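Shown next: run.csv, containing CSV, C-alpha atoms and all ligand atoms.
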```csv
chain,number,residue,atom,x,y,z
A,84,MET,CA,7.7,-29.3,-33.3
A,85,ALA,CA,4.2,-30.8,-33.6
A,86,GLY,CA,2.0,-28.9,-31.0
A,87,VAL,CA,0.0,-32.1,-30.2
A,88,GLU,CA,3.1,-34.1,-29.2
A,89,LEU,CA,4.5,-31.1,-27.2
A,90,ALA,CA,1.2,-30.6,-25.4
A,91,ALA,CA,1.1,-34.3,-24.3
A,92,ALA,CA,4.7,-34.1,-23.1
A,93,VAL,CA,4.1,-30.9,-21.2
A,94,ALA,CA,1.1,-32.5,-19.4
A,95,VAL,CA,3.2,-35.5,-18.4
A,96,SER,CA,6.1,-33.4,-17.2
A,97,LEU,CA,3.8,-31.1,-15.2
A,98,GLU,CA,2.3,-34.1,-13.4
A,99,ARG,CA,5.7,-35.5,-12.7
A,100,SER,CA,6.9,-32.2,-11.3
A,101,GLY,CA,4.0,-32.1,-8.9
A,102,PHE,CA,2.4,-29.0,-10.5
A,103,SER,CA,-0.6,-28.2,-8.3
A,104,GLY,CA,-2.6,-26.6,-11.2
A,105,CYS,CA,-4.5,-28.2,-14.0
A,106,THR,CA,-2.2,-30.3,-16.2
A,107,GLU,CA,-4.5,-30.9,-19.2
A,108,VAL,CA,-3.3,-28.8,-22.2
A,109,VAL,CA,-6.1,-27.9,-24.6
A,110,SER,CA,-4.1,-25.9,-27.0
A,111,MET,CA,-0.4,-25.1,-27.8
A,112,ARG,CA,-0.1,-21.9,-29.8
A,113,PRO,CA,3.3,-21.0,-31.4
A,114,VAL,CA,4.2,-17.4,-30.6
A,115,ASN,CA,7.1,-15.1,-31.6
A,116,GLY,CA,10.0,-16.4,-29.5
A,117,GLY,CA,13.5,-15.2,-28.9
A,118,SER,CA,16.5,-15.9,-31.0
A,119,ILE,CA,17.4,-19.3,-29.6
A,120,ASN,CA,14.2,-21.3,-28.8
A,121,ASP,CA,10.8,-21.9,-30.2
A,122,ALA,CA,8.1,-20.4,-28.0
A,123,TYR,CA,4.5,-21.5,-27.3
A,124,VAL,CA,1.6,-20.5,-25.1
A,125,ALA,CA,-0.1,-23.5,-23.7
A,126,THR,CA,-3.7,-23.1,-22.6
A,127,MET,CA,-4.8,-25.5,-19.9
A,128,ALA,CA,-8.3,-26.9,-19.4
A,129,SER,CA,-8.7,-24.6,-16.4
A,130,GLY,CA,-8.1,-21.6,-18.7
A,131,GLU,CA,-4.7,-20.9,-17.2
A,132,ARG,CA,-1.9,-20.2,-19.7
A,133,LEU,CA,1.7,-21.4,-19.5
A,134,PHE,CA,4.7,-20.2,-21.5
A,135,VAL,CA,6.7,-23.1,-23.1
A,136,LYS,CA,10.2,-22.9,-24.7
A,137,TYR,CA,11.2,-25.7,-26.9
A,138,HIS,CA,14.7,-26.4,-28.3
A,139,GLN,CA,15.2,-28.9,-31.1
A,140,ALA,CA,18.3,-31.0,-30.8
A,141,GLU,CA,21.1,-30.1,-33.2
A,142,PRO,CA,24.7,-31.1,-33.8
A,143,GLY,CA,26.6,-30.5,-30.6
A,144,LEU,CA,23.5,-30.0,-28.6
A,145,GLY,CA,21.6,-33.3,-28.3
A,146,ALA,CA,18.2,-33.7,-26.6
A,147,ASP,CA,19.8,-34.5,-23.2
A,148,GLN,CA,21.9,-31.3,-23.4
A,149,CYS,CA,18.8,-29.3,-24.4
A,150,ALA,CA,17.2,-30.6,-21.2
A,151,MET,CA,20.3,-29.7,-19.2
A,152,MET,CA,20.2,-26.2,-20.7
A,153,PHE,CA,16.6,-25.8,-19.5
A,154,ASP,CA,17.5,-27.2,-16.1
A,155,ALA,CA,20.1,-24.5,-15.8
A,156,GLU,CA,17.6,-21.9,-16.9
A,157,TRP,CA,15.2,-23.2,-14.2
A,158,ASN,CA,18.0,-22.8,-11.6
A,159,GLY,CA,18.7,-19.3,-12.8
A,160,LEU,CA,15.1,-18.3,-12.7
A,161,GLU,CA,14.8,-19.6,-9.2
A,162,LEU,CA,17.9,-17.7,-8.0
A,163,LEU,CA,16.5,-14.5,-9.5
A,164,ARG,CA,13.1,-15.2,-7.9
A,165,LYS,CA,14.8,-15.8,-4.5
A,166,ALA,CA,16.5,-12.4,-4.8
A,167,GLY,CA,13.1,-10.9,-4.6
A,168,CYS,CA,13.8,-7.8,-6.6
A,169,PHE,CA,12.2,-8.3,-10.1
A,170,ARG,CA,9.2,-10.3,-11.0
A,171,VAL,CA,10.5,-13.5,-12.6
A,172,PRO,CA,8.4,-16.3,-14.1
A,173,GLN,CA,8.1,-19.4,-12.0
A,174,PRO,CA,9.6,-22.5,-13.8
A,175,LEU,CA,7.2,-25.4,-13.7
A,176,ALA,CA,8.6,-28.4,-15.7
A,177,VAL,CA,11.4,-29.5,-17.9
A,178,GLY,CA,10.9,-32.4,-20.3
A,179,ARG,CA,12.9,-34.3,-22.8
A,180,LEU,CA,11.5,-35.6,-26.1
A,181,ALA,CA,13.3,-37.6,-28.8
A,182,SER,CA,13.6,-34.5,-30.9
A,183,GLY,CA,14.6,-31.9,-28.2
A,184,ALA,CA,13.6,-30.6,-24.8
A,185,PHE,CA,11.3,-28.0,-23.3
A,186,LEU,CA,10.8,-25.7,-20.3
A,187,ALA,CA,7.3,-24.8,-19.1
A,188,MET,CA,6.9,-21.8,-16.9
A,189,GLU,CA,4.4,-19.3,-15.6
A,190,HIS,CA,3.0,-17.1,-18.4
A,191,ILE,CA,3.3,-13.4,-17.7
A,192,ASP,CA,1.2,-10.9,-19.6
A,193,ILE,CA,4.2,-8.8,-20.6
A,194,ARG,CA,4.3,-5.3,-22.0
A,195,PRO,CA,7.0,-2.8,-22.7
A,196,LEU,CA,9.0,-1.6,-19.7
A,197,ARG,CA,8.1,2.0,-19.0
A,198,ASP,CA,9.6,2.7,-15.6
A,199,GLN,CA,13.2,2.4,-16.4
A,200,ARG,CA,14.4,4.4,-13.3
A,201,ARG,CA,12.7,1.8,-11.1
A,202,PHE,CA,14.4,-1.0,-13.1
A,203,GLY,CA,17.8,0.6,-12.4
A,204,GLU,CA,17.0,0.9,-8.7
A,205,LEU,CA,16.0,-2.8,-8.6
A,206,LEU,CA,19.0,-3.9,-10.5
A,207,ALA,CA,21.3,-2.1,-8.1
A,208,GLU,CA,19.4,-3.6,-5.1
A,209,MET,CA,19.9,-7.1,-6.5
A,210,HIS,CA,23.6,-6.4,-7.1
A,211,LEU,CA,24.1,-5.0,-3.6
A,212,ALA,CA,22.5,-8.0,-1.8
A,213,VAL,CA,25.0,-10.3,-0.2
A,214,GLY,CA,24.6,-14.0,-1.1
A,215,ALA,CA,27.7,-15.9,-2.1
A,216,GLU,CA,31.4,-15.8,-1.1
A,217,ARG,CA,32.8,-16.9,-4.4
A,218,PHE,CA,32.3,-16.2,-8.1
A,219,GLY,CA,30.4,-18.5,-10.5
A,220,LEU,CA,27.8,-21.1,-9.6
A,221,GLU,CA,27.7,-24.8,-8.6
A,222,SER,CA,27.4,-25.8,-12.3
A,223,ASP,CA,28.0,-24.5,-15.8
A,224,ASN,CA,25.1,-23.0,-17.7
A,225,TRP,CA,24.4,-21.6,-21.2
A,226,ILE,CA,24.4,-18.1,-22.6
A,227,GLY,CA,22.0,-18.4,-25.5
A,228,SER,CA,22.9,-21.9,-26.7
A,229,THR,CA,26.6,-21.5,-26.0
A,230,PRO,CA,28.0,-23.3,-22.9
A,231,GLN,CA,29.1,-20.8,-20.2
A,232,PRO,CA,31.9,-22.0,-17.8
A,233,ASN,CA,30.6,-21.3,-14.4
A,234,LYS,CA,32.5,-23.3,-11.8
A,235,TRP,CA,33.1,-21.6,-8.4
A,236,HIS,CA,36.2,-19.4,-8.4
A,237,ALA,CA,37.8,-17.5,-5.5
A,238,SER,CA,38.9,-14.8,-8.0
A,239,TRP,CA,36.6,-13.0,-10.4
A,240,VAL,CA,39.4,-12.3,-12.8
A,241,ASP,CA,40.2,-16.1,-13.0
A,242,LEU,CA,36.5,-16.9,-13.8
A,243,LEU,CA,36.4,-14.1,-16.4
A,244,ARG,CA,39.6,-15.3,-18.0
A,245,VAL,CA,38.2,-18.9,-18.3
A,246,ARG,CA,35.1,-17.5,-20.0
A,247,LEU,CA,36.9,-15.2,-22.4
A,248,GLU,CA,39.3,-17.9,-23.3
A,249,TYR,CA,36.4,-20.3,-24.0
A,250,GLN,CA,34.6,-17.8,-26.3
A,251,LEU,CA,37.9,-16.8,-28.0
A,252,ASP,CA,38.7,-20.5,-28.6
A,253,ARG,CA,35.4,-21.0,-30.3
A,254,ALA,CA,35.7,-17.8,-32.3
A,255,GLN,CA,39.2,-18.6,-33.6
A,256,LEU,CA,39.7,-15.0,-34.6
A,257,THR,CA,42.6,-14.6,-37.0
A,258,GLY,CA,45.1,-11.8,-37.7
A,259,GLU,CA,45.2,-8.7,-35.5
A,260,ALA,CA,42.0,-9.5,-33.8
A,261,GLY,CA,43.3,-12.9,-32.7
A,262,GLN,CA,46.5,-11.3,-31.4
A,263,MET,CA,44.5,-8.7,-29.5
A,264,GLY,CA,42.5,-11.5,-27.9
A,265,GLN,CA,45.6,-13.1,-26.5
A,266,ALA,CA,47.0,-9.8,-25.4
A,267,LEU,CA,43.8,-9.1,-23.5
A,268,LEU,CA,44.0,-12.4,-21.7
A,269,GLN,CA,47.5,-11.6,-20.6
A,270,ARG,CA,46.7,-8.1,-19.4
A,271,LEU,CA,43.4,-9.0,-17.8
A,272,PRO,CA,44.4,-8.5,-14.1
A,273,SER,CA,45.7,-5.0,-14.8
A,274,PHE,CA,42.1,-3.8,-15.6
A,275,PHE,CA,41.1,-4.7,-12.0
A,276,GLU,CA,43.9,-3.3,-10.0
A,277,GLY,CA,42.6,-1.4,-6.9
A,278,VAL,CA,39.0,-2.4,-7.7
A,279,GLU,CA,37.0,-4.0,-4.9
A,280,ILE,CA,34.9,-6.9,-6.3
A,281,ARG,CA,32.2,-8.7,-4.3
A,282,PRO,CA,30.0,-11.4,-5.8
A,283,SER,CA,26.7,-10.0,-6.9
A,284,LEU,CA,23.8,-12.0,-8.4
A,285,ILE,CA,24.0,-11.4,-12.1
A,286,HIS,CA,21.1,-12.1,-14.6
A,287,GLY,CA,23.8,-12.5,-17.2
A,288,ASP,CA,22.0,-11.9,-20.5
A,289,LEU,CA,20.1,-8.7,-19.7
A,290,TYR,CA,19.5,-7.1,-23.1
A,291,ALA,CA,16.3,-5.2,-23.6
A,292,GLY,CA,14.6,-8.3,-25.1
A,293,ASN,CA,15.0,-10.1,-21.8
A,294,CYS,CA,13.0,-7.7,-19.7
A,295,ALA,CA,9.6,-6.1,-19.7
A,296,ALA,CA,6.8,-5.1,-17.4
A,297,ASP,CA,3.9,-7.1,-16.1
A,298,GLU,CA,0.2,-6.1,-16.3
A,299,HIS,CA,0.8,-3.8,-13.2
A,300,GLY,CA,3.9,-2.2,-14.6
A,301,ASN,CA,6.3,-4.2,-12.4
A,302,PRO,CA,9.6,-4.9,-14.0
A,303,VAL,CA,10.0,-8.5,-15.2
A,304,VAL,CA,13.2,-10.3,-16.2
A,305,TYR,CA,13.5,-13.8,-17.9
A,306,ASP,CA,15.9,-15.9,-20.0
A,307,PRO,CA,18.9,-15.5,-17.7
A,308,ALA,CA,22.4,-17.0,-17.7
A,309,VAL,CA,22.9,-16.5,-14.0
A,310,TYR,CA,26.1,-16.4,-11.9
A,311,TRP,CA,27.6,-14.6,-9.0
A,312,GLY,CA,30.0,-12.1,-10.4
A,313,HIS,CA,31.3,-8.5,-10.7
A,314,HIS,CA,28.2,-6.2,-10.8
A,315,GLU,CA,29.7,-4.3,-13.7
A,316,SER,CA,29.6,-7.4,-15.9
A,317,GLU,CA,25.8,-7.1,-16.0
A,318,LEU,CA,26.1,-3.7,-17.7
A,319,GLY,CA,28.1,-4.9,-20.8
A,320,ILE,CA,25.2,-6.2,-22.8
A,321,MET,CA,22.9,-3.5,-21.5
A,322,HIS,CA,25.1,-0.9,-23.2
A,323,MET,CA,25.4,-2.8,-26.5
A,324,PHE,CA,22.1,-3.0,-28.2
A,325,GLY,CA,20.1,0.0,-26.9
A,326,GLY,CA,16.6,-0.1,-25.4
A,327,PHE,CA,17.6,1.2,-22.0
A,328,SER,CA,17.3,4.9,-21.1
A,329,PRO,CA,19.9,7.2,-19.4
A,330,GLU,CA,17.5,7.3,-16.4
A,331,LEU,CA,18.0,3.6,-15.8
A,332,PHE,CA,21.8,4.0,-15.6
A,333,GLU,CA,21.6,7.2,-13.6
A,334,ALA,CA,19.4,5.4,-10.9
A,335,TYR,CA,21.7,2.5,-10.9
A,336,HIS,CA,24.9,4.5,-10.5
A,337,GLN,CA,23.4,6.7,-7.8
A,338,ARG,CA,23.4,3.5,-5.7
A,339,ILE,CA,26.5,1.9,-7.2
A,340,PRO,CA,28.9,4.5,-8.5
A,341,ARG,CA,31.3,3.8,-11.4
A,342,ALA,CA,34.7,2.8,-10.1
A,343,PRO,CA,37.9,4.1,-11.8
A,344,GLY,CA,38.7,2.2,-15.0
A,345,PHE,CA,34.9,1.5,-15.6
A,346,ASP,CA,35.0,2.3,-19.3
A,347,LYS,CA,37.7,-0.2,-20.2
A,348,ARG,CA,36.1,-3.0,-18.1
A,349,LEU,CA,32.8,-2.2,-19.8
A,350,ALA,CA,34.5,-2.8,-23.2
A,351,ILE,CA,35.7,-6.2,-21.9
A,352,TYR,CA,32.2,-7.1,-20.6
A,353,GLN,CA,30.7,-6.1,-24.0
A,354,LEU,CA,33.4,-8.1,-25.8
A,355,TYR,CA,32.2,-11.3,-23.9
A,356,HIS,CA,28.7,-10.9,-25.5
A,357,ALA,CA,30.1,-9.8,-28.8
A,358,LEU,CA,32.2,-12.9,-29.0
A,359,ASN,CA,29.2,-15.0,-28.0
A,360,HIS,CA,27.1,-13.3,-30.8
A,361,TYR,CA,29.9,-14.0,-33.2
A,362,ASN,CA,29.9,-17.6,-32.2
A,363,LEU,CA,26.1,-17.9,-32.3
A,364,PHE,CA,25.2,-15.8,-35.3
A,365,GLY,CA,28.3,-15.5,-37.4
A,366,SER,CA,30.6,-13.1,-39.1
A,367,GLY,CA,28.4,-9.9,-38.8
A,368,TYR,CA,29.8,-9.5,-35.2
A,369,ARG,CA,33.5,-9.8,-36.1
A,370,THR,CA,34.0,-6.1,-36.6
A,371,MET,CA,32.3,-5.4,-33.2
A,372,CYS,CA,34.7,-7.9,-31.5
A,373,ALA,CA,37.8,-6.3,-33.1
A,374,SER,CA,36.7,-2.8,-32.2
A,375,LEU,CA,35.9,-3.7,-28.6
A,376,LEU,CA,39.3,-5.4,-28.3
A,377,LYS,CA,40.9,-2.2,-29.6
A,378,GLN,CA,38.9,-0.1,-27.1
A,379,ALA,CA,39.9,-2.2,-24.2
A,380,LEU,CA,43.6,-2.4,-25.1
A,381,SER,CA,44.2,1.2,-26.3
B,401,LIG,P1,14.9,-17.3,-26.1
B,401,LIG,O1,15.5,-18.2,-25.1
B,401,LIG,O2,14.6,-18.0,-27.4
B,401,LIG,O3,15.7,-16.0,-26.3
B,401,LIG,P2,13.0,-16.0,-24.4
B,401,LIG,O4,13.1,-16.7,-23.1
B,401,LIG,O5,13.8,-14.7,-24.5
B,401,LIG,O6,13.5,-17.0,-25.6
B,401,LIG,O7,11.5,-15.8,-24.8
B,401,LIG,C1,11.1,-15.2,-26.0
B,401,LIG,C2,10.1,-14.1,-25.8
B,401,LIG,O8,8.9,-14.7,-25.2
B,401,LIG,C3,10.5,-13.0,-24.9
B,401,LIG,O9,11.2,-12.0,-25.6
B,401,LIG,C4,9.2,-12.5,-24.4
B,401,LIG,O10,8.6,-11.6,-25.3
B,401,LIG,C5,8.4,-13.8,-24.3
B,401,LIG,N1,8.4,-14.4,-22.9
B,401,LIG,C6,9.5,-14.9,-22.3
B,401,LIG,N2,9.1,-15.5,-21.1
B,401,LIG,C7,7.8,-15.3,-21.0
B,401,LIG,C8,6.8,-15.6,-20.0
B,401,LIG,N3,7.2,-16.3,-18.9
B,401,LIG,N4,5.5,-15.3,-20.2
B,401,LIG,C9,5.2,-14.7,-21.4
B,401,LIG,N5,6.0,-14.3,-22.3
B,401,LIG,C10,7.3,-14.6,-22.2
```

Go through the file and emit its structure as structure tokens.
Ligand code: ADP
Amino acid sequence: MAGVELAAAVAVSLERSGFSGCTEVVSMRPVNGGSINDAYVATMASGERLFVKYHQAEPGLGADQCAMMFDAEWNGLELLRKAGCFRVPQPLAVGRLASGAFLAMEHIDIRPLRDQRRFGELLAEMHLAVGAERFGLESDNWIGSTPQPNKWHASWVDLLRVRLEYQLDRAQLTGEAGQMGQALLQRLPSFFEGVEIRPSLIHGDLYAGNCAADEHGNPVVYDPAVYWGHHESELGIMHMFGGFSPELFEAYHQRIPRAPGFDKRLAIYQLYHALNHYNLFGSGYRTMCASLLKQALS
């Protein structure tokens, strides 16, 4: 994406959104982004910096959908901000170009997360807060660039089934893995017997790359795929790729103890992300999907 064109579009969108700061962009510097979007730091004429994510339209994800994806991210960031536990960047403007769409937000001077115990405490605090009576959200959103079914459901297991079904449909696993996928869907309620589930606010994509600390050491989270769901579902991806210390989980489980059957459900919650990675990034994740299916069903 040409920086000049993006800079002009960001300025217009900030004005339209009623941004109270300076809207004149003097430079748009590409920075190392995540795995899904291009990332830029915009420097404004006032010296303020903004963080801008841009997604180029692609087959199956046109410019309008890219803008909807960023609207959903905005909504998620606002929900996390409202929860008041973590520092979360303030979303400022979403804009659509012919080639794609962007989301401009507050720039945070992020550093590595050091106080993981505190992070675990805050996560438990967020999960324990009461806020919704059903599971899901008022609209679907995206996990990475994969659509995430997110309609309101009275039953958590029903919502989880819809989501697993969606990822399994996209994955089209063949052979034993495919059969295990279908068996898991059938047996899904049995993993939740006797477990009390209340809707908790879930970040939804909380791997170590989506959290950090700010300049004062306060934990920061970003890039969410938010919904109201079973608190344990947050922990799936946290246990998959490393980067979180035992102290974090110890602090979390001091406040929210593991319920019976936790390990099997954790495998299912990991499977959801493994399937999503398989669908996004390809066959390297197939073995992970098969082994998590085996773990859950054994
Ligand atoms: P993607 O959607 O592509 O995964 P992310 O939202 O994870 O992109 O952002 C990519 C990287 O940019 C993050 O890993 C983080 O290092 C940095 N980042 C994200 N949000 C901000 C922000 N508001 N301010 C400064 N840096 C940020």

Neighbour list for stretch 258-263 of chain A as an MDAnalysis selection string, cut-off 7 Å, only C-alpha atoms, skip fewer than 3 positions in-chain
chainID A and resid 266:267 373 376

Enumerate, in order of chain and increasing residue number, the residues of chain A with an atom no farther than 7 Å from ligand LIG 401 (chain B), each with its shortest atom pair and distance in Å to one decimal, counting only C-alpha atoms and all ligand atoms, as a tab-separated table.
```
residue	atom	partner	partner_atom	distance
A:Asn115	CA	B:LIG401	C2	6.6
A:Gly116	CA	B:LIG401	C1	3.9
A:Gly117	CA	B:LIG401	O2	3.4
A:Ser118	CA	B:LIG401	O2	4.6
A:Ile119	CA	B:LIG401	O2	3.8
A:Asn120	CA	B:LIG401	O2	3.6
A:Asp121	CA	B:LIG401	O2	6.1
A:Ala122	CA	B:LIG401	C1	6.3
A:Phe134	CA	B:LIG401	N4	5.1
A:Lys136	CA	B:LIG401	O6	6.8
A:Pro172	CA	B:LIG401	N3	4.9
A:Met188	CA	B:LIG401	N3	5.9
A:Glu189	CA	B:LIG401	N3	5.3
A:His190	CA	B:LIG401	N4	3.6
A:Ile191	CA	B:LIG401	N4	3.8
A:Asp192	CA	B:LIG401	C9	5.8
A:Ile193	CA	B:LIG401	N5	6.0
A:Gly227	CA	B:LIG401	O1	6.5
A:Gly292	CA	B:LIG401	O9	5.0
A:Asn293	CA	B:LIG401	O5	5.5
A:Tyr305	CA	B:LIG401	N2	5.7
A:Asp306	CA	B:LIG401	O4	4.3
```

What is the distance, in Å and to one decimal place, between atom CA of A:Ala254 and atom CA of A:Ala308?
19.8 Å

Between A:Arg112, A:Arg164, A:Arg99, A:Arg197, which one has atoms that come closest to A:His299, using only C-alpha atoms?
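Among the listed residues, A:Arg197 lies closest to A:His299.
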
Point out the residue among A:Trp225, A:Trp239, A:Phe364, A:Phe324 with the least atom-to-atom distance to A:Gly312, counting only C-alpha atoms.
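Nearest candidate to A:Gly312 out of A:Trp225, A:Trp239, A:Phe364, A:Phe324: A:Trp239.
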
Would you work out the distance separating atom CA of A:Asn158 from atom CA of A:Gly178, expressed in Å to one decimal?
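Between atom CA of A:Asn158 and atom CA of A:Gly178 the gap is 14.8 Å.
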
Please identify all polymer residues within 9 Å of A:Leu97, counting all atoms listed in the file, omitting same-chain residues fewer than 2 positions from it, and present them as a VMD selection string.
chain A and resid 92 to 95 99 to 106 175 to 178 187
